[in-house]
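Peer 1: Sending over protein-v5.cif (mmCIF, C-alpha atoms).
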```cif
data_final
loop_
_atom_site.group_PDB
_atom_site.id
_atom_site.type_symbol
_atom_site.label_atom_id
_atom_site.label_comp_id
_atom_site.auth_asym_id
_atom_site.auth_seq_id
_atom_site.Cartn_x
_atom_site.Cartn_y
_atom_site.Cartn_z
ATOM 1 C CA MET A 1 -1.369 -75.063 104.710
ATOM 2 C CA GLN A 2 -2.548 -78.613 105.131
ATOM 3 C CA PRO A 3 -0.023 -81.318 104.209
ATOM 4 C CA GLN A 4 -0.971 -83.236 101.060
ATOM 5 C CA ALA A 5 -1.495 -86.980 101.310
ATOM 6 C CA GLY A 6 1.300 -89.055 99.815
ATOM 7 C CA ASN A 7 -0.534 -92.373 99.661
ATOM 8 C CA ARG A 8 -2.568 -94.613 101.878
ATOM 9 C CA ILE A 9 0.348 -96.873 102.713
ATOM 10 C CA SER A 10 2.458 -93.983 104.018
ATOM 11 C CA ASN A 11 -0.443 -92.684 106.093
ATOM 12 C CA ALA A 12 -1.130 -96.152 107.486
ATOM 13 C CA ILE A 13 2.540 -96.558 108.459
ATOM 14 C CA ALA A 14 2.539 -93.125 110.094
ATOM 15 C CA LYS A 15 -0.638 -93.894 112.035
ATOM 16 C CA ALA A 16 0.460 -97.365 113.157
ATOM 17 C CA SER A 17 3.956 -96.253 114.181
ATOM 18 C CA GLY A 18 2.661 -93.164 115.972
ATOM 19 C CA ALA A 19 0.079 -95.243 117.812
ATOM 20 C CA PHE A 20 2.769 -97.751 118.822
ATOM 21 C CA ALA A 21 4.953 -94.983 120.256
ATOM 22 C CA ALA A 22 1.992 -93.561 122.184
ATOM 23 C CA ILE A 23 1.105 -97.026 123.524
ATOM 24 C CA LEU A 24 4.692 -97.513 124.736
ATOM 25 C CA GLY A 25 4.381 -94.233 126.617
ATOM 26 C CA PHE A 26 1.059 -95.281 128.172
ATOM 27 C CA VAL A 27 2.494 -98.668 129.189
ATOM 28 C CA ALA A 28 5.517 -97.016 130.809
ATOM 29 C CA LEU A 29 3.308 -94.606 132.756
ATOM 30 C CA ALA A 30 1.162 -97.565 133.854
ATOM 31 C CA GLY A 31 4.333 -99.319 134.993
ATOM 32 C CA TRP A 32 5.266 -96.368 137.211
ATOM 33 C CA ILE A 33 1.717 -96.118 138.580
ATOM 34 C CA LEU A 34 1.388 -99.863 139.277
ATOM 35 C CA GLU A 35 5.037 -100.183 140.360
ATOM 36 C CA LEU A 36 5.766 -102.847 137.736
ATOM 37 C CA PRO A 37 9.399 -102.380 136.603
ATOM 38 C CA VAL A 38 9.029 -104.885 133.758
ATOM 39 C CA LEU A 39 6.648 -102.495 131.969
ATOM 40 C CA VAL A 40 9.169 -99.661 132.199
ATOM 41 C CA SER A 41 12.507 -101.324 131.429
ATOM 42 C CA LEU A 42 11.713 -104.795 129.939
ATOM 43 C CA GLY A 43 14.732 -106.279 131.693
ATOM 44 C CA GLN A 44 16.366 -106.585 135.092
ATOM 45 C CA GLY A 45 19.360 -104.316 135.522
ATOM 46 C CA TRP A 46 18.350 -102.078 132.600
ATOM 47 C CA ILE A 47 17.452 -98.456 133.079
ATOM 48 C CA PRO A 48 13.696 -97.710 132.936
ATOM 49 C CA MET A 49 11.956 -95.187 130.716
ATOM 50 C CA ALA A 50 11.628 -91.845 132.527
ATOM 51 C CA PRO A 51 8.083 -90.553 133.158
ATOM 52 C CA SER A 52 8.913 -87.389 131.198
ATOM 53 C CA THR A 53 9.986 -89.533 128.242
ATOM 54 C CA ALA A 54 6.761 -91.548 128.445
ATOM 55 C CA LEU A 55 4.682 -88.366 128.449
ATOM 56 C CA LEU A 56 6.445 -87.021 125.348
ATOM 57 C CA PHE A 57 5.879 -90.336 123.582
ATOM 58 C CA VAL A 58 2.163 -90.068 124.319
ATOM 59 C CA LEU A 59 2.022 -86.495 123.013
ATOM 60 C CA CYS A 60 4.139 -87.133 119.897
ATOM 61 C CA GLY A 61 2.532 -90.447 119.041
ATOM 62 C CA THR A 62 -0.987 -89.054 119.379
ATOM 63 C CA ALA A 63 -0.078 -85.995 117.309
ATOM 64 C CA MET A 64 1.413 -88.225 114.616
ATOM 65 C CA PHE A 65 -1.688 -90.418 114.531
ATOM 66 C CA PHE A 66 -4.024 -87.499 113.893
ATOM 67 C CA SER A 67 -1.587 -85.654 111.593
ATOM 68 C CA ALA A 68 -1.625 -88.574 109.147
ATOM 69 C CA ARG A 69 -5.372 -88.260 108.534
ATOM 70 C CA VAL A 70 -6.710 -87.149 105.162
ATOM 71 C CA PRO A 71 -8.029 -84.545 104.847
ATOM 72 C CA LEU A 72 -6.240 -82.844 107.718
ATOM 73 C CA SER A 73 -8.412 -80.372 109.582
ATOM 74 C CA ARG A 74 -7.167 -76.941 110.559
ATOM 75 C CA ALA A 75 -7.443 -77.807 114.271
ATOM 76 C CA ALA A 76 -5.442 -81.024 113.829
ATOM 77 C CA HIS A 77 -2.821 -79.170 111.782
ATOM 78 C CA TRP A 78 -2.181 -76.488 114.380
ATOM 79 C CA THR A 79 -2.359 -79.002 117.221
ATOM 80 C CA GLY A 80 0.351 -81.057 115.545
ATOM 81 C CA VAL A 81 2.493 -77.960 114.943
ATOM 82 C CA SER A 82 2.047 -76.872 118.571
ATOM 83 C CA VAL A 83 2.915 -80.326 119.921
ATOM 84 C CA GLY A 84 5.968 -80.547 117.653
ATOM 85 C CA ALA A 85 7.226 -77.120 118.713
ATOM 86 C CA ALA A 86 6.655 -77.898 122.400
ATOM 87 C CA VAL A 87 8.450 -81.255 122.142
ATOM 88 C CA ALA A 88 11.391 -79.610 120.353
ATOM 89 C CA VAL A 89 11.723 -76.933 123.043
ATOM 90 C CA ILE A 90 11.433 -79.471 125.876
ATOM 91 C CA GLY A 91 13.941 -81.771 124.191
ATOM 92 C CA LEU A 92 16.439 -78.932 123.734
ATOM 93 C CA LEU A 93 16.021 -77.797 127.350
ATOM 94 C CA LEU A 94 16.378 -81.283 128.842
ATOM 95 C CA PHE A 95 19.352 -82.034 126.593
ATOM 96 C CA PHE A 96 21.376 -79.122 127.975
ATOM 97 C CA LEU A 97 20.232 -79.715 131.558
ATOM 98 C CA SER A 98 21.062 -83.426 131.391
ATOM 99 C CA TYR A 99 24.400 -82.709 129.722
ATOM 100 C CA LEU A 100 25.223 -80.299 132.559
ATOM 101 C CA GLY A 101 24.153 -82.852 135.166
ATOM 102 C CA ILE A 102 21.086 -80.880 136.297
ATOM 103 C CA ARG A 103 18.155 -83.156 137.196
ATOM 104 C CA LEU A 104 14.695 -81.629 137.380
ATOM 105 C CA GLU A 105 12.310 -83.135 139.918
ATOM 106 C CA ALA A 106 9.484 -82.221 137.536
ATOM 107 C CA GLU A 107 10.601 -85.061 135.248
ATOM 108 C CA HIS A 108 9.215 -87.556 137.777
ATOM 109 C CA LEU A 109 5.660 -86.220 137.186
ATOM 110 C CA GLY A 110 4.840 -86.655 140.858
ATOM 111 C CA PHE A 111 6.068 -90.263 141.148
ATOM 112 C CA ALA A 112 8.310 -91.163 144.087
ATOM 113 C CA ILE A 113 11.415 -92.311 142.210
ATOM 114 C CA SER A 114 14.875 -92.989 143.595
ATOM 115 C CA GLY A 115 17.836 -95.227 142.900
ATOM 116 C CA THR A 116 20.435 -95.587 140.196
ATOM 117 C CA VAL A 117 21.563 -97.978 137.480
ATOM 118 C CA GLY A 118 25.311 -97.891 137.782
ATOM 119 C CA GLU A 119 26.072 -94.205 138.280
ATOM 120 C CA ALA A 120 23.019 -92.967 136.353
ATOM 121 C CA PRO A 121 19.934 -91.892 138.335
ATOM 122 C CA ILE A 122 16.635 -93.343 137.179
ATOM 123 C CA GLY A 123 13.549 -91.286 136.420
ATOM 124 C CA HIS A 124 15.351 -88.702 134.269
ATOM 125 C CA MET A 125 15.616 -88.399 130.501
ATOM 126 C CA SER A 126 18.832 -89.339 128.752
ATOM 127 C CA PRO A 127 20.553 -86.512 126.848
ATOM 128 C CA ALA A 128 20.526 -88.774 123.775
ATOM 129 C CA THR A 129 16.767 -89.212 124.137
ATOM 130 C CA ALA A 130 16.269 -85.475 124.574
ATOM 131 C CA LEU A 131 18.260 -84.823 121.390
ATOM 132 C CA CYS A 132 16.082 -87.322 119.502
ATOM 133 C CA PHE A 133 12.934 -85.579 120.740
ATOM 134 C CA LEU A 134 14.391 -82.305 119.495
ATOM 135 C CA LEU A 135 14.812 -83.880 116.048
ATOM 136 C CA ALA A 136 11.303 -85.357 116.209
ATOM 137 C CA GLY A 137 9.689 -82.042 117.107
ATOM 138 C CA LEU A 138 11.528 -80.162 114.376
ATOM 139 C CA SER A 139 10.678 -82.867 111.842
ATOM 140 C CA LEU A 140 6.973 -82.758 112.699
ATOM 141 C CA VAL A 141 6.804 -78.967 112.490
ATOM 142 C CA ALA A 142 8.735 -78.857 109.205
ATOM 143 C CA THR A 143 6.520 -81.523 107.652
ATOM 144 C CA LEU A 144 3.224 -79.968 108.724
ATOM 145 C CA LYS A 145 4.332 -76.495 107.601
ATOM 146 C CA SER A 146 5.324 -77.746 104.151
ATOM 147 C CA SER A 147 3.210 -77.291 101.026
ATOM 148 C CA PRO A 148 3.454 -78.171 97.323
ATOM 149 C CA ASN A 149 5.323 -74.889 96.842
ATOM 150 C CA ARG A 150 7.584 -75.449 99.862
ATOM 151 C CA GLN A 151 8.668 -79.069 99.663
ATOM 152 C CA GLY A 152 12.106 -78.250 101.022
ATOM 153 C CA GLN A 153 10.644 -78.184 104.526
ATOM 154 C CA ALA A 154 9.225 -81.696 104.120
ATOM 155 C CA ILE A 155 12.587 -82.920 102.801
ATOM 156 C CA ALA A 156 14.295 -81.373 105.833
ATOM 157 C CA GLY A 157 11.751 -83.090 108.082
ATOM 158 C CA PHE A 158 12.485 -86.367 106.323
ATOM 159 C CA TRP A 159 16.230 -86.115 106.948
ATOM 160 C CA LEU A 160 15.719 -85.099 110.578
ATOM 161 C CA ALA A 161 13.538 -88.174 111.057
ATOM 162 C CA GLY A 162 16.201 -90.263 109.324
ATOM 163 C CA LEU A 163 18.834 -89.137 111.820
ATOM 164 C CA MET A 164 16.469 -90.023 114.640
ATOM 165 C CA VAL A 165 15.849 -93.512 113.225
ATOM 166 C CA PHE A 166 19.580 -94.034 112.736
ATOM 167 C CA ALA A 167 20.306 -93.172 116.388
ATOM 168 C CA SER A 168 17.483 -95.360 117.706
ATOM 169 C CA VAL A 169 18.617 -98.347 115.621
ATOM 170 C CA VAL A 170 22.151 -97.957 116.992
ATOM 171 C CA PHE A 171 20.813 -98.124 120.554
ATOM 172 C CA LEU A 172 18.584 -101.099 119.709
ATOM 173 C CA LEU A 173 21.508 -103.003 118.204
ATOM 174 C CA THR A 174 23.619 -102.453 121.299
ATOM 175 C CA TYR A 175 20.786 -103.871 123.417
ATOM 176 C CA LEU A 176 20.512 -106.781 120.983
ATOM 177 C CA PHE A 177 24.221 -107.511 121.457
ATOM 178 C CA SER A 178 23.779 -107.157 125.264
ATOM 179 C CA THR A 179 26.208 -104.234 125.246
ATOM 180 C CA PRO A 180 23.957 -101.154 125.676
ATOM 181 C CA LEU A 181 25.645 -97.801 125.190
ATOM 182 C CA LEU A 182 26.412 -95.291 127.970
ATOM 183 C CA TYR A 183 25.959 -97.852 130.786
ATOM 184 C CA GLY A 184 28.457 -97.436 133.583
ATOM 185 C CA GLY A 185 29.174 -93.777 132.803
ATOM 186 C CA LYS A 186 27.931 -90.512 134.235
ATOM 187 C CA TYR A 187 25.439 -89.895 131.412
ATOM 188 C CA ILE A 188 21.993 -91.496 131.535
ATOM 189 C CA PRO A 189 21.599 -94.138 128.787
ATOM 190 C CA PRO A 190 18.377 -94.454 126.756
ATOM 191 C CA ALA A 191 16.164 -97.287 127.983
ATOM 192 C CA LEU A 192 15.301 -100.229 125.746
ATOM 193 C CA THR A 193 11.644 -99.175 125.739
ATOM 194 C CA THR A 194 12.744 -95.640 124.862
ATOM 195 C CA SER A 195 14.818 -96.908 121.930
ATOM 196 C CA LEU A 196 11.816 -98.853 120.640
ATOM 197 C CA GLY A 197 9.593 -95.791 120.957
ATOM 198 C CA LEU A 198 12.106 -93.550 119.179
ATOM 199 C CA ALA A 199 12.372 -96.036 116.305
ATOM 200 C CA ALA A 200 8.581 -96.164 115.962
ATOM 201 C CA LEU A 201 8.227 -92.402 116.165
ATOM 202 C CA GLY A 202 11.008 -91.946 113.619
ATOM 203 C CA ALA A 203 9.326 -94.391 111.235
ATOM 204 C CA ALA A 204 6.068 -92.442 111.543
ATOM 205 C CA LEU A 205 7.844 -89.168 110.781
ATOM 206 C CA LEU A 206 9.668 -90.721 107.821
ATOM 207 C CA ALA A 207 6.392 -91.952 106.335
ATOM 208 C CA LEU A 208 4.617 -88.633 106.873
ATOM 209 C CA ALA A 209 7.473 -86.462 105.622
ATOM 210 C CA GLY A 210 8.201 -88.753 102.690
ATOM 211 C CA SER A 211 4.627 -88.521 101.438
ATOM 212 C CA GLN A 212 4.895 -84.717 101.500
ATOM 213 C CA ALA A 213 8.350 -84.454 99.955
ATOM 214 C CA TRP A 214 7.782 -86.964 97.151
ATOM 215 C CA ALA A 215 4.053 -87.123 96.490
ATOM 216 C CA PRO A 216 3.069 -89.827 93.985
ATOM 217 C CA ASP A 217 1.054 -87.433 91.821
ATOM 218 C CA GLN A 218 4.076 -85.229 91.121
ATOM 219 C CA GLN A 219 6.060 -85.432 87.938
ATOM 220 C CA ILE A 220 9.620 -86.529 88.693
ATOM 221 C CA ASP A 221 12.158 -84.291 87.008
ATOM 222 C CA ALA A 222 15.896 -84.864 86.591
ATOM 223 C CA GLU A 223 16.800 -82.923 89.743
ATOM 224 C CA THR A 224 14.355 -84.897 91.878
ATOM 225 C CA LEU A 225 15.629 -88.149 90.402
ATOM 226 C CA ARG A 226 19.226 -87.238 91.244
ATOM 227 C CA ALA A 227 18.180 -86.288 94.773
ATOM 228 C CA SER A 228 16.378 -89.611 95.175
ATOM 229 C CA ARG A 229 19.420 -91.538 93.965
ATOM 230 C CA SER A 230 21.626 -89.584 96.346
ATOM 231 C CA PHE A 231 19.276 -90.394 99.196
ATOM 232 C CA VAL A 232 19.325 -94.114 98.374
ATOM 233 C CA LEU A 233 23.138 -94.050 98.229
ATOM 234 C CA VAL A 234 23.424 -92.252 101.557
ATOM 235 C CA PHE A 235 20.894 -94.608 103.121
ATOM 236 C CA LEU A 236 22.870 -97.648 101.943
ATOM 237 C CA LEU A 237 26.112 -96.159 103.241
ATOM 238 C CA MET A 238 24.459 -95.422 106.604
ATOM 239 C CA THR A 239 23.145 -98.986 106.787
ATOM 240 C CA ILE A 240 26.545 -100.483 105.979
ATOM 241 C CA GLY A 241 28.236 -98.143 108.436
ATOM 242 C CA LEU A 242 25.718 -99.008 111.130
ATOM 243 C CA ALA A 243 26.180 -102.743 110.682
ATOM 244 C CA THR A 244 29.969 -102.364 110.590
ATOM 245 C CA ALA A 245 30.064 -100.136 113.667
ATOM 246 C CA GLY A 246 27.803 -102.528 115.546
ATOM 247 C CA GLY A 247 29.988 -105.510 114.670
ATOM 248 C CA VAL A 248 33.218 -103.703 115.582
ATOM 249 C CA TYR A 249 31.761 -102.493 118.868
ATOM 250 C CA PHE A 250 30.500 -105.962 119.738
ATOM 251 C CA ARG A 251 33.835 -107.631 118.950
ATOM 252 C CA SER A 252 35.697 -104.957 120.891
ATOM 253 C CA HIS A 253 33.466 -105.442 123.908
ATOM 254 C CA VAL A 254 33.851 -109.228 123.769
ATOM 255 C CA LYS A 255 37.632 -108.882 123.512
ATOM 256 C CA GLN A 256 37.738 -106.484 126.450
ATOM 257 C CA HIS A 257 35.466 -108.703 128.542
ATOM 258 C CA ARG A 258 37.578 -111.763 127.733
ATOM 259 C CA ALA A 259 40.756 -109.904 128.719
ATOM 260 C CA GLU A 260 39.204 -108.928 132.047
ATOM 261 C CA ILE A 261 38.162 -112.525 132.744
ATOM 262 C CA GLU A 262 41.637 -113.811 131.844
ATOM 263 C CA LEU A 263 43.194 -111.218 134.142
ATOM 264 C CA GLN A 264 40.938 -112.279 136.994
ATOM 265 C CA LEU A 265 41.722 -115.969 136.413
ATOM 266 C CA SER A 266 45.423 -115.191 136.293
ATOM 267 C CA ALA A 267 45.205 -113.297 139.575
ATOM 268 C CA ILE A 268 43.342 -116.223 141.183
ATOM 269 C CA ALA A 269 45.917 -118.683 139.878
ATOM 270 C CA ASP A 270 48.803 -116.591 141.224
ATOM 271 C CA LEU A 271 47.046 -116.395 144.578
ATOM 272 C CA LYS A 272 46.579 -120.178 144.703
ATOM 273 C CA VAL A 273 50.241 -120.750 143.779
ATOM 274 C CA SER A 274 51.275 -118.328 146.491
ATOM 275 C CA GLU A 275 49.147 -120.174 149.034
ATOM 276 C CA LEU A 276 50.624 -123.516 148.000
ATOM 277 C CA VAL A 277 54.172 -122.148 148.272
ATOM 278 C CA ASN A 278 53.425 -120.803 151.770
#
```
Please rewrite the model in this file as structure tokens.

Peer 2:
Amino acid sequence: MQPQAGNRISNAIAKASGAFAAILGFVALAGWILELPVLVSLGQGWIPMAPSTALLFVLCGTAMFFSARVPLSRAAHWTGVSVGAAVAVIGLLLFFLSYLGIRLEAEHLGFAISGTVGEAPIGHMSPATALCFLLAGLSLVATLKSSPNRQGQAIAGFWLAGLMVFASVVFLLTYLFSTPLLYGGKYIPPALTTSLGLAALGAALLALAGSQAWAPDQQIDAETLRASRSFVLVFLLMTIGLATAGGVYFRSHVKQHRAEIELQLSAIADLKVSELVN
């Protein structure tokens, strides 16, 4: 029932990444308590991490930290499974509610929060973030419920974590290019701090699930070798696609922004000419 240890490096990565995600959640909650926006959003004009998101980071990160211990106690095992299941259910619920435009006051956790960034209200979880928490919860449960005779669950947990990391890296790249996704629309965008936390949590889940799916003491057969090669190929294709999509999006945004500036300058020039003619 207990997950087998892959190696010390994987466990150390899982612990460090899980702890980092939990610390981000604690810092965000401290920012709401102390009314310090810089701790919640890391930038002026950017949407802050919702209190509900911060709480889930604390729960998931703490569960990941203790789930990577060897040997894993029965209490820690079932606590991790319970936290993963709860996070998955909450993520699924908030995803549909946010997609439908329903905002729960409970997400504020008692904090007095108001205001918007563009058209998006602050203090509520992004549907993209909720979907990532759904993946994280399912990945944690699948990994902890795996065993040497049921490695398919750990492999599924690994791929779920991979999707989560892929999404978080996309959001981080858009912040890096100063063109964050979903800003200006009706859907709430993930905060920069949230994207960092999702990347850390995904890395922790990848390390934990990978050590269960491909333990170093197992004999690698032809089928496992083919699966590993397929994974490497898919990972490379995802990386190339991510870099390409990021570059295309950035160039498209720059081109659109330049066209808007040129249109504004042209309108000003026409206005000046009209004034001179008058």

Peer 1: Could you spell out the hits of the PyMOL selection byres ((chain A and resi 81) around 8) on the shown file, as a list in words?

Peer 2: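 Selected by the PyMOL selection byres ((chain A and resi 81) around 8) in this file: His77, Trp78, Thr79, Gly80, Ser82, Val83, Gly84, Ala85, Leu140, Val141, Leu144 and Lys145 of chain A.
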
Peer 1: Check which residues satisfy the PyMOL selection byres ((chain A and resi 63) around 9) in the file shown, then give them as a short mmCIF file (atom, residue, chain, number, x, y, z; two decimals) with C-alpha atoms, keeping the file's coordinate frame.

Peer 2:
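Output file out.cif is given in full below:
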```
data_model
loop_
_atom_site.label_atom_id
_atom_site.label_comp_id
_atom_site.auth_asym_id
_atom_site.auth_seq_id
_atom_site.Cartn_x
_atom_site.Cartn_y
_atom_site.Cartn_z
CA GLY A 18 2.66 -93.16 115.97
CA VAL A 58 2.16 -90.07 124.32
CA LEU A 59 2.02 -86.50 123.01
CA CYS A 60 4.14 -87.13 119.90
CA GLY A 61 2.53 -90.45 119.04
CA THR A 62 -0.99 -89.05 119.38
CA MET A 64 1.41 -88.22 114.62
CA PHE A 65 -1.69 -90.42 114.53
CA PHE A 66 -4.02 -87.50 113.89
CA SER A 67 -1.59 -85.65 111.59
CA ALA A 68 -1.62 -88.57 109.15
CA ALA A 76 -5.44 -81.02 113.83
CA THR A 79 -2.36 -79.00 117.22
CA GLY A 80 0.35 -81.06 115.54
CA VAL A 81 2.49 -77.96 114.94
CA VAL A 83 2.92 -80.33 119.92
CA GLY A 84 5.97 -80.55 117.65
#
```

Peer 1: Give me the result of the PyMOL selection byres ((chain A and resi 12) around 10) on this file, residue by residue, as an mmCIF file with C-alpha atoms, in the coordinates of the input.

Peer 2:
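So out.cif came out as:
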```cif
data_model
loop_
_atom_site.group_PDB
_atom_site.id
_atom_site.type_symbol
_atom_site.label_atom_id
_atom_site.label_comp_id
_atom_site.auth_asym_id
_atom_site.auth_seq_id
_atom_site.Cartn_x
_atom_site.Cartn_y
_atom_site.Cartn_z
ATOM 1 C CA ASN A 7 -0.534 -92.373 99.661
ATOM 2 C CA ARG A 8 -2.568 -94.613 101.878
ATOM 3 C CA ILE A 9 0.348 -96.873 102.713
ATOM 4 C CA SER A 10 2.458 -93.983 104.018
ATOM 5 C CA ASN A 11 -0.443 -92.684 106.093
ATOM 6 C CA ILE A 13 2.540 -96.558 108.459
ATOM 7 C CA ALA A 14 2.539 -93.125 110.094
ATOM 8 C CA LYS A 15 -0.638 -93.894 112.035
ATOM 9 C CA ALA A 16 0.460 -97.365 113.157
ATOM 10 C CA SER A 17 3.956 -96.253 114.181
ATOM 11 C CA GLY A 18 2.661 -93.164 115.972
ATOM 12 C CA PHE A 65 -1.688 -90.418 114.531
ATOM 13 C CA ALA A 68 -1.625 -88.574 109.147
ATOM 14 C CA ARG A 69 -5.372 -88.260 108.534
ATOM 15 C CA ALA A 204 6.068 -92.442 111.543
ATOM 16 C CA ALA A 207 6.392 -91.952 106.335
ATOM 17 C CA LEU A 208 4.617 -88.633 106.873
#
```

Peer 1: As AutoDock Vina command-line options, please report the centre and edge lengths, rounded to one decimal in Å, of the axis-aligned box that holds all listed atoms of range 5-21 of chain A with 8 Å of padding on each of the six sides.

Peer 2:
```
--center_x 1.2 --center_y -92.4 --center_z 110.0 --size_x 23.5 --size_y 26.8 --size_z 36.6
```

Peer 1: Would you list the contacts of Leu97 in chain A as number ranges by chain, taking every protein, DNA or RNA residue within 10 Å and counting all atoms listed in the file, but skipping same-chain residues closer than 6 positions in sequence?

Peer 2: A: 91, 103-104, 125, 127, 130

Peer 1: Point out the residue among A:Ala50, A:Gly115, A:Ala267, A:Val273 with the least atom-to-atom distance to Gly31 in chain A, counting all atoms listed in the file.

Peer 2: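 Going through A:Ala50, A:Gly115, A:Ala267, A:Val273 one by one, the smallest distance to Gly31 in chain A is for A:Ala50.
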
Peer 1: Report, in Å to a single decimal, how far apart CA of Ala21 in chain A and CA of Leu163 in chain A are.

Peer 2: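 CA of Leu163 in chain A sits 17.3 Å away from CA of Ala21 in chain A.
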
Peer 1: I need the residue nearest Leu42 in chain A from this list: A:Ile113, A:Ala191, A:Ala167, A:Tyr99. Use only C-alpha atoms for the distance.

Peer 2: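 Between A:Ile113, A:Ala191, A:Ala167, A:Tyr99, the residue approaching Leu42 in chain A most closely is A:Ala191.
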
Peer 1: When you count all atoms listed in the file, which of these residues is closest to Leu109 in chain A: A:Phe133, A:Phe20, A:Trp32, A:Phe95?

Peer 2: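 Comparing A:Phe133, A:Phe20, A:Trp32, A:Phe95 against Leu109 in chain A, the winner is A:Trp32.
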
Peer 1: Just give me the gap between CA of Leu36 in chain A and CA of Leu196 in chain A in Å, one decimal is fine.

Peer 2: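 These atoms are spaced 18.6 Å apart.
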
Peer 1: For the atom pair CA of Phe171 in chain A and CA of Arg258 in chain A, what is the interatomic distance in Å to one decimal place?

Peer 2: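 Interatomic distance, CA of Phe171 in chain A to CA of Arg258 in chain A: 22.8 Å.
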
Peer 1: Given the choices A:Leu93, A:Val40, A:Leu131, A:Val165, which gets closest to Ala28 in chain A if the distance is worked out from all atoms listed in the file?

Peer 2: A:Val40

Peer 1: Pick from A:Ser52, A:Ser126, A:Gln212, A:Gln151: nearest to Leu181 in chain A, with all atoms listed in the file counted?

Peer 2: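 The shortest atom-to-atom distance to Leu181 in chain A comes from A:Ser126.
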
Peer 1: Output range 205-210 of chain A as a PDB file, in the frame of the given file, making sure all heavy atoms are there.

Peer 2:
```pdb
ATOM      1  N   LEU A 205       7.441 -90.452 111.367  1.00  0.00           N
ATOM      2  CA  LEU A 205       7.844 -89.168 110.781  1.00  0.00           C
ATOM      3  C   LEU A 205       8.410 -89.351 109.381  1.00  0.00           C
ATOM      4  O   LEU A 205       8.178 -88.520 108.492  1.00  0.00           O
ATOM      5  CB  LEU A 205       8.880 -88.500 111.694  1.00  0.00           C
ATOM      6  CG  LEU A 205       8.335 -87.954 113.017  1.00  0.00           C
ATOM      7  CD1 LEU A 205       9.477 -87.634 113.966  1.00  0.00           C
ATOM      8  CD2 LEU A 205       7.479 -86.724 112.773  1.00  0.00           C
ATOM      9  N   LEU A 206       9.153 -90.437 109.158  1.00  0.00           N
ATOM     10  CA  LEU A 206       9.668 -90.721 107.821  1.00  0.00           C
ATOM     11  C   LEU A 206       8.529 -90.921 106.825  1.00  0.00           C
ATOM     12  O   LEU A 206       8.567 -90.402 105.698  1.00  0.00           O
ATOM     13  CB  LEU A 206      10.555 -91.964 107.849  1.00  0.00           C
ATOM     14  CG  LEU A 206      11.999 -91.804 108.325  1.00  0.00           C
ATOM     15  CD1 LEU A 206      12.689 -93.163 108.358  1.00  0.00           C
ATOM     16  CD2 LEU A 206      12.773 -90.851 107.438  1.00  0.00           C
ATOM     17  N   ALA A 207       7.523 -91.688 107.226  1.00  0.00           N
ATOM     18  CA  ALA A 207       6.392 -91.952 106.335  1.00  0.00           C
ATOM     19  C   ALA A 207       5.622 -90.670 106.031  1.00  0.00           C
ATOM     20  O   ALA A 207       5.261 -90.402 104.881  1.00  0.00           O
ATOM     21  CB  ALA A 207       5.467 -92.993 106.956  1.00  0.00           C
ATOM     22  N   LEU A 208       5.382 -89.862 107.071  1.00  0.00           N
ATOM     23  CA  LEU A 208       4.617 -88.633 106.873  1.00  0.00           C
ATOM     24  C   LEU A 208       5.392 -87.624 106.041  1.00  0.00           C
ATOM     25  O   LEU A 208       4.858 -87.029 105.095  1.00  0.00           O
ATOM     26  CB  LEU A 208       4.248 -88.025 108.228  1.00  0.00           C
ATOM     27  CG  LEU A 208       3.340 -86.787 108.178  1.00  0.00           C
ATOM     28  CD1 LEU A 208       1.986 -87.146 107.594  1.00  0.00           C
ATOM     29  CD2 LEU A 208       3.172 -86.197 109.580  1.00  0.00           C
ATOM     30  N   ALA A 209       6.669 -87.432 106.361  1.00  0.00           N
ATOM     31  CA  ALA A 209       7.473 -86.462 105.622  1.00  0.00           C
ATOM     32  C   ALA A 209       7.738 -86.929 104.201  1.00  0.00           C
ATOM     33  O   ALA A 209       7.743 -86.127 103.262  1.00  0.00           O
ATOM     34  CB  ALA A 209       8.795 -86.218 106.352  1.00  0.00           C
ATOM     35  N   GLY A 210       7.946 -88.236 104.022  1.00  0.00           N
ATOM     36  CA  GLY A 210       8.201 -88.753 102.690  1.00  0.00           C
ATOM     37  C   GLY A 210       7.028 -88.553 101.759  1.00  0.00           C
ATOM     38  O   GLY A 210       7.199 -88.243 100.570  1.00  0.00           O
TER      39      GLY A 210
END
```
